[in-house]
$ cat entry-v8.txt   # compact mmCIF, C-alpha atoms
# COMPACT_ATOMS: atom_id res chain seq x y z
CA MET A 2 -10.80 16.54 7.92
CA ARG A 3 -8.31 15.72 5.18
CA PHE A 4 -5.99 12.76 4.70
CA LEU A 5 -3.27 12.22 2.13
CA VAL A 6 -2.36 8.69 1.07
CA VAL A 7 0.99 8.38 -0.70
CA GLU A 8 1.38 4.93 -2.24
CA ASP A 9 2.71 3.58 -5.50
CA ASP A 10 0.69 0.37 -5.08
CA PHE A 11 -2.87 0.73 -6.39
CA THR A 12 -4.41 -1.89 -4.08
CA SER A 13 -2.90 -0.29 -0.96
CA ARG A 14 -4.22 3.10 -2.08
CA ARG A 15 -7.73 1.70 -2.56
CA LEU A 16 -7.57 -0.14 0.77
CA LEU A 17 -6.60 2.95 2.77
CA GLN A 18 -9.00 5.19 0.89
CA LYS A 19 -11.91 2.86 1.75
CA MET A 20 -10.86 2.70 5.40
CA LEU A 21 -10.44 6.46 5.81
CA SER A 22 -13.33 7.79 3.73
CA PRO A 23 -15.91 7.57 6.58
CA TYR A 24 -13.79 10.13 8.46
CA GLY A 25 -12.95 12.72 5.85
CA GLU A 26 -11.67 13.62 2.45
CA CYS A 27 -8.89 11.33 1.26
CA ASP A 28 -6.51 12.62 -1.39
CA ILE A 29 -4.13 10.35 -3.24
CA ALA A 30 -0.55 10.83 -4.42
CA VAL A 31 1.16 8.10 -6.42
CA ASN A 32 4.74 9.26 -5.84
CA GLY A 33 6.85 11.51 -3.65
CA GLU A 34 6.77 14.47 -5.99
CA GLU A 35 2.96 14.49 -6.12
CA ALA A 36 2.87 14.18 -2.33
CA LEU A 37 5.06 17.25 -1.80
CA THR A 38 3.01 19.28 -4.29
CA ALA A 39 -0.23 18.33 -2.51
CA PHE A 40 1.27 19.04 0.93
CA LYS A 41 2.65 22.44 -0.14
CA LYS A 42 -0.65 23.47 -1.71
CA ALA A 43 -2.56 22.45 1.45
CA LEU A 44 -0.18 24.55 3.57
CA GLU A 45 -0.52 27.57 1.27
CA LEU A 46 -4.32 27.34 1.30
CA ASP A 47 -4.26 27.01 5.10
CA ASN A 48 -6.20 23.78 4.73
CA PRO A 49 -3.61 21.25 5.88
CA TYR A 50 -3.91 17.49 5.96
CA ARG A 51 -4.44 15.95 9.36
CA VAL A 52 -2.59 12.71 8.61
CA ILE A 53 -0.32 11.58 5.79
CA TYR A 54 0.08 7.85 5.12
CA LEU A 55 3.43 7.54 3.44
CA ASP A 56 4.88 4.45 1.79
CA ILE A 57 8.57 4.10 2.61
CA MET A 58 9.54 2.21 -0.54
CA MET A 59 8.73 4.18 -3.67
CA PRO A 60 10.78 4.57 -6.85
CA GLU A 61 12.65 7.84 -7.46
CA MET A 62 11.83 9.77 -4.26
CA ASP A 63 11.29 7.37 -1.34
CA GLY A 64 9.15 7.95 1.72
CA GLN A 65 12.03 9.06 3.93
CA GLN A 66 13.03 11.81 1.49
CA VAL A 67 9.40 12.97 1.32
CA LEU A 68 9.17 13.01 5.12
CA LYS A 69 12.36 15.08 5.40
CA SER A 70 11.03 17.61 2.88
CA ILE A 71 7.69 17.84 4.68
CA ARG A 72 9.39 18.64 7.99
CA GLU A 73 11.60 21.23 6.25
CA MET A 74 8.56 22.91 4.70
CA GLU A 75 6.86 23.01 8.09
CA ASP A 76 9.97 24.64 9.60
CA GLU A 77 10.04 27.26 6.85
CA ALA A 78 6.32 27.95 7.38
CA ASN A 79 6.94 28.26 11.17
CA VAL A 80 4.47 25.50 11.97
CA ALA A 81 4.54 24.92 15.73
CA GLN A 82 5.73 21.47 16.80
CA LYS A 83 2.34 20.64 18.28
CA ASP A 84 0.69 21.41 14.93
CA GLU A 85 3.04 19.32 12.82
CA ILE A 86 1.23 16.92 10.56
CA LYS A 87 0.96 13.31 11.70
CA VAL A 88 2.96 11.15 9.32
CA VAL A 89 2.33 7.41 9.37
CA MET A 90 4.93 5.46 7.44
CA THR A 91 3.73 2.28 5.78
CA THR A 92 6.21 -0.50 5.24
CA ALA A 93 6.47 -4.12 4.20
CA LEU A 94 7.44 -6.63 6.87
CA ASP A 95 10.83 -7.16 5.28
CA SER A 96 12.08 -3.59 5.67
CA PRO A 97 12.29 -2.92 9.45
CA LYS A 98 15.53 -0.93 9.13
CA ASP A 99 13.75 1.68 7.00
CA VAL A 100 11.16 2.13 9.72
CA ILE A 101 13.77 2.61 12.42
CA ASP A 102 15.56 5.21 10.28
CA ALA A 103 12.31 7.04 9.62
CA TYR A 104 11.41 7.04 13.30
CA TYR A 105 14.67 8.24 14.73
CA ARG A 106 16.01 10.43 11.96
CA GLY A 107 13.07 11.56 9.86
CA GLY A 108 10.45 12.47 12.46
CA CYS A 109 7.60 10.17 11.52
CA THR A 110 4.75 9.88 14.03
CA ASP A 111 3.90 6.19 13.70
CA TYR A 112 4.23 3.30 11.31
CA MET A 113 2.05 0.51 9.98
CA VAL A 114 3.25 -2.80 8.63
CA LYS A 115 1.71 -3.96 5.35
CA PRO A 116 -0.61 -5.69 4.70
CA ILE A 117 -2.55 -3.06 6.61
CA GLU A 118 -4.90 -4.02 9.42
CA LYS A 119 -8.15 -2.14 9.84
CA LYS A 120 -7.83 -2.19 13.63
CA LYS A 121 -4.38 -0.57 13.42
CA VAL A 122 -5.70 2.25 11.20
CA TYR A 123 -8.57 2.77 13.62
CA SER A 124 -6.37 2.73 16.74
CA LEU A 125 -4.16 5.48 15.28
CA LEU A 126 -7.21 7.60 14.42
CA VAL A 127 -8.29 7.23 18.06
CA ARG A 128 -4.80 8.16 19.28
CA TYR A 129 -4.84 11.33 17.15
CA GLY A 130 -8.27 12.28 18.50
CA ILE A 131 -9.91 11.98 15.09
CA VAL A 132 -12.43 9.36 16.19
CA GLN A 133 -13.71 8.37 19.61
CA ASP A 134 -12.75 5.00 21.03
CA ASP A 135 -16.38 3.90 21.22
CA ASP A 136 -17.25 5.12 17.73
CA LEU A 137 -17.43 1.70 16.13
CA THR A 138 -20.52 2.31 14.04
CA ALA A 139 -18.60 3.42 10.97
CA TRP A 140 -16.55 0.23 11.09
CA MET B 29 -0.58 -25.16 2.42
CA SER B 30 -1.10 -21.95 0.50
CA GLN B 31 -4.63 -21.06 -0.61
CA ILE B 32 -5.94 -19.08 -3.58
CA ILE B 33 -7.40 -16.63 -1.06
CA ASN B 34 -7.04 -17.17 2.67
CA MET B 35 -10.40 -15.74 3.71
CA THR B 36 -9.81 -16.32 7.42
CA ASP B 37 -6.64 -14.26 7.30
CA VAL B 38 -7.97 -11.42 5.15
CA LEU B 39 -11.27 -11.05 6.99
CA ASP B 40 -9.45 -11.04 10.32
CA ARG B 41 -7.17 -8.26 9.05
CA LEU B 42 -10.10 -6.25 7.62
CA ASP B 43 -12.30 -6.86 10.65
CA GLY B 44 -14.81 -8.77 8.49
CA ASP B 45 -15.40 -5.83 6.17
CA MET B 46 -16.45 -7.37 2.83
CA GLU B 47 -16.91 -3.95 1.20
CA ILE B 48 -13.21 -3.13 1.69
CA PHE B 49 -12.23 -6.64 0.61
CA ARG B 50 -14.25 -6.36 -2.63
CA ALA B 51 -12.82 -2.90 -3.36
CA THR B 52 -9.27 -4.17 -2.88
CA CYS B 53 -9.85 -7.29 -5.01
CA SER B 54 -11.31 -5.08 -7.74
CA ALA B 55 -8.25 -2.80 -7.62
CA PHE B 56 -6.07 -5.91 -7.91
CA ILE B 57 -7.93 -7.13 -11.01
CA GLU B 58 -7.78 -3.65 -12.57
CA VAL B 59 -4.00 -3.29 -12.40
CA VAL B 60 -2.36 -6.71 -12.23
CA PRO B 61 -2.79 -7.81 -15.90
CA ASP B 62 -0.84 -4.75 -17.07
CA ILE B 63 1.94 -5.41 -14.53
CA ILE B 64 2.20 -9.06 -15.60
CA ALA B 65 2.47 -7.93 -19.23
CA GLU B 66 5.24 -5.49 -18.22
CA LEU B 67 7.06 -8.33 -16.45
CA ARG B 68 6.99 -10.40 -19.64
CA THR B 69 8.41 -7.48 -21.65
CA ASP B 70 11.07 -6.79 -19.02
CA LEU B 71 12.11 -10.45 -19.04
CA THR B 72 12.39 -10.46 -22.83
CA ASN B 73 14.60 -7.38 -22.58
CA GLY B 74 16.62 -8.72 -19.64
CA HIS B 75 15.67 -5.82 -17.34
CA PHE B 76 16.01 -7.69 -14.06
CA SER B 77 15.93 -4.63 -11.80
CA LEU B 78 12.52 -3.70 -13.24
CA ILE B 79 11.33 -7.28 -12.75
CA ALA B 80 12.44 -7.16 -9.11
CA ARG B 81 10.61 -3.88 -8.56
CA ASN B 82 7.37 -5.05 -10.20
CA ALA B 83 7.52 -8.42 -8.43
CA HIS B 84 7.92 -6.55 -5.15
CA GLY B 85 4.86 -4.43 -5.97
CA LEU B 86 2.80 -7.51 -6.84
CA LYS B 87 3.91 -9.11 -3.58
CA GLY B 88 2.36 -6.24 -1.64
CA ALA B 89 -0.79 -6.24 -3.74
CA SER B 90 -1.37 -9.98 -3.31
CA ALA B 91 -0.67 -9.76 0.43
CA ASN B 92 -3.43 -7.13 0.69
CA ILE B 93 -6.01 -9.71 -0.42
CA SER B 94 -4.24 -12.74 1.13
CA ALA B 95 -3.80 -14.33 -2.30
CA GLU B 96 -1.28 -16.81 -0.94
CA ILE B 97 -0.31 -18.80 -4.05
CA PHE B 98 0.11 -15.61 -6.06
CA LEU B 99 2.15 -14.16 -3.18
CA ASP B 100 4.45 -17.21 -3.08
CA LEU B 101 5.10 -16.90 -6.83
CA THR B 102 5.88 -13.18 -6.64
CA LYS B 103 8.30 -13.74 -3.75
CA GLU B 104 10.07 -16.39 -5.79
CA LEU B 105 10.16 -14.15 -8.85
CA GLU B 106 11.63 -11.27 -6.85
CA THR B 107 14.36 -13.56 -5.46
CA GLN B 108 15.26 -15.09 -8.82
CA SER B 109 15.26 -11.72 -10.61
CA LYS B 110 17.85 -10.46 -8.13
CA ILE B 111 20.20 -13.28 -9.13
CA GLN B 112 19.26 -12.73 -12.79
CA ASP B 113 18.25 -16.32 -13.49
CA ASN B 114 16.46 -15.90 -16.82
CA HIS B 115 15.27 -19.50 -17.18
CA THR B 116 13.78 -19.75 -13.68
CA CYS B 117 12.21 -16.29 -13.97
CA ASP B 118 10.55 -17.42 -17.19
CA GLU B 119 9.11 -20.54 -15.52
CA ILE B 120 7.82 -18.59 -12.53
CA LEU B 121 6.33 -15.91 -14.73
CA THR B 122 4.48 -18.53 -16.77
CA ASN B 123 3.10 -20.00 -13.54
CA LEU B 124 2.13 -16.52 -12.40
CA GLU B 125 0.29 -15.82 -15.67
CA ASN B 126 -1.58 -19.12 -15.43
CA HIS B 127 -2.40 -18.66 -11.77
CA TYR B 128 -3.66 -15.13 -12.36
CA THR B 129 -6.31 -16.52 -14.74
CA LYS B 130 -7.47 -18.96 -12.03
CA LEU B 131 -7.43 -16.26 -9.36
CA ALA B 132 -9.46 -13.79 -11.46
CA ALA B 133 -12.06 -16.50 -12.17
CA TYR B 134 -12.17 -17.46 -8.48
CA LEU B 135 -12.78 -13.85 -7.40
CA ALA B 136 -15.58 -13.44 -9.97
CA GLU B 137 -17.25 -16.78 -9.16
CA ASN B 138 -17.31 -16.02 -5.45
CA ASP B 139 -18.71 -12.51 -5.88
CA TYR B 140 -15.54 -10.92 -4.48
CA LEU B 141 -15.49 -8.14 -7.07
CA GLU B 142 -17.43 -4.89 -7.14
CA ASP B 143 -20.53 -4.93 -9.32
CA ASP B 144 -19.21 -2.56 -11.99
CA LEU B 145 -16.36 -4.92 -12.91
$ encode --input "entry-v8.txt" --output "structure tokens"
Amino acid sequence: MRFLVVEDDFTSRRLLQKMLSPYGECDIAVNGEEALTAFKKALELDNPYRVIYLDIMMPEMDGQQVLKSIREMEDEANVAQKDEIKVVMTTALDSPKDVIDAYYRGGCTDYMVKPIEKKKVYSLLVRYGIVQDDDLTAW
Amino acid sequence: MSQIINMTDVLDRLDGDMEIFRATCSAFIEVVPDIIAELRTDLTNGHFSLIARNAHGLKGASANISAEIFLDLTKELETQSKIQDNHTCDEILTNLENHYTKLAAYLAENDYLEDDL
């Protein structure tokens, strides 16, 4: 099981890494360019990430641009829709418009509002079938 | 009234997980001094867009550990940097620098940092 956390904020990266590490390997990208490189490499090695946590607001290439590129790469690689990577956008409370755009135009799977809640991270892992609902021991 | 750290809020959000809380506080202490120093340089050089961006980043970082006073100051700094008020930005930044010292001491005294820090 592999996760990719894409965040320019160091504390948010550490927070998500600590939450996800009981469930698998957690790679980190600090900007959009690094995220796309990591995603492409994972596709080429046939060892894809299961979930990407993607910050919407990042300098240079923002989360929505990264998401669009990810979906384009999946199309080019003929990834079936059911196998598309889960992309969870992370956003601050004051940027709801960005979330709506990402949902309806960019093809993100879910979103989380920052500061991130542990229960929200867990509920999404349950929804994606990564952990069982009654598997509370790791938490 | 804002608190240095709102423990009720942060532990509710982290489901009582002190290990995650300590890791996040430690990350905060590792990176914030450099960002505050950058803010001071950016203010000296009148780079308000960089101040707004860094203040926004600090806002998120302080929200992660429910550092409410620090969060209030970063919100104010972000707002004032957008209207390019040099004098007010300077005052807020000085308050932020002073409060950071208190916050770092508070985290250390209460054993909220990882052991290797």
$ interface_residues --input "entry-v8.txt" --of "chain B" --to "chain A" --cutoff "9 Å" --atoms "only C-alpha atoms" --output "PyMOL selection string"
chain B and resi 40-43+45+47-49+51-56+59+81+85-86+88-94
$ atom_distance --input "entry-v8.txt" --atom1 "atom CA of A:Leu44" --atom2 "atom CA of A:Glu61"
23.8 Å
$ atom_distance --input "entry-v8.txt" --atom1 "atom CA of B:His84" --atom2 "atom CA of B:Glu106"
6.2 Å
$ residues_near_point --input "entry-v8.txt" --point "(16.2, -10.0, -14.5)" --cutoff "7 Å" --atoms "only C-alpha atoms" --output "ChimeraX atom specification"
/B:71,74-77,79,109-110,112-114
$ atom_distance --input "entry-v8.txt" --atom1 "atom CA of A:Ser22" --atom2 "atom CA of A:Ile53"
13.7 Å
$ axis_aligned_box --input "entry-v8.txt" --around "stretch 62-76 of chain A" --padding-each-side "3 Å" --output "lines of an AutoDock Vina configuration file"
center_x = 9.9
center_y = 16.0
center_z = 2.7
size_x = 12.2
size_y = 23.3
size_z = 19.9
$ residues_around --input "entry-v8.txt" --residues "A:Gln65" --least-positions-apart "2" --cutoff "9 Å" --atoms "only C-alpha atoms" --output "PyMOL selection string"
chain A and resi 55-58+62-63+67-70+90+99+102-103+107+109
$ residues_around --input "entry-v8.txt" --residues "B:Tyr128" --least-positions-apart "5" --cutoff "9 Å" --atoms "only C-alpha atoms" --output "ChimeraX atom specification"
/B:60-61,98,123,133
$ closest_residue --input "entry-v8.txt" --among "B:Ala132, B:His127, B:Asp70, B:Glu137" --to "B:Glu58" --atoms "only C-alpha atoms"
B:Ala132
$ closest_residue --input "entry-v8.txt" --among "A:Ala81, A:Val122, A:Gly64, A:Asp111" --to "A:Tyr24" --atoms "only C-alpha atoms"
A:Val122
$ closest_residue --input "entry-v8.txt" --among "A:Val88, A:Met74, A:Val114, A:Ile101" --to "A:Phe4" --atoms "only C-alpha atoms"
A:Val88
$ closest_residue --input "entry-v8.txt" --among "A:Ser124, A:Ala39, A:Gly130, A:Asp47" --to "A:Ala78" --atoms "all atoms listed in the file"
A:Asp47
$ residues_around --input "entry-v8.txt" --residues "A:Ala36" --least-positions-apart "6" --cutoff "8 Å" --atoms "only C-alpha atoms" --output "mmCIF file with C-alpha atoms, in the coordinates of the input"
data_model
loop_
_atom_site.group_PDB
_atom_site.id
_atom_site.type_symbol
_atom_site.label_atom_id
_atom_site.label_comp_id
_atom_site.auth_asym_id
_atom_site.auth_seq_id
_atom_site.Cartn_x
_atom_site.Cartn_y
_atom_site.Cartn_z
ATOM 1 C CA LEU A 5 -3.270 12.220 2.130
ATOM 2 C CA VAL A 7 0.990 8.380 -0.700
ATOM 3 C CA ALA A 30 -0.550 10.830 -4.420
ATOM 4 C CA VAL A 67 9.400 12.970 1.320
#
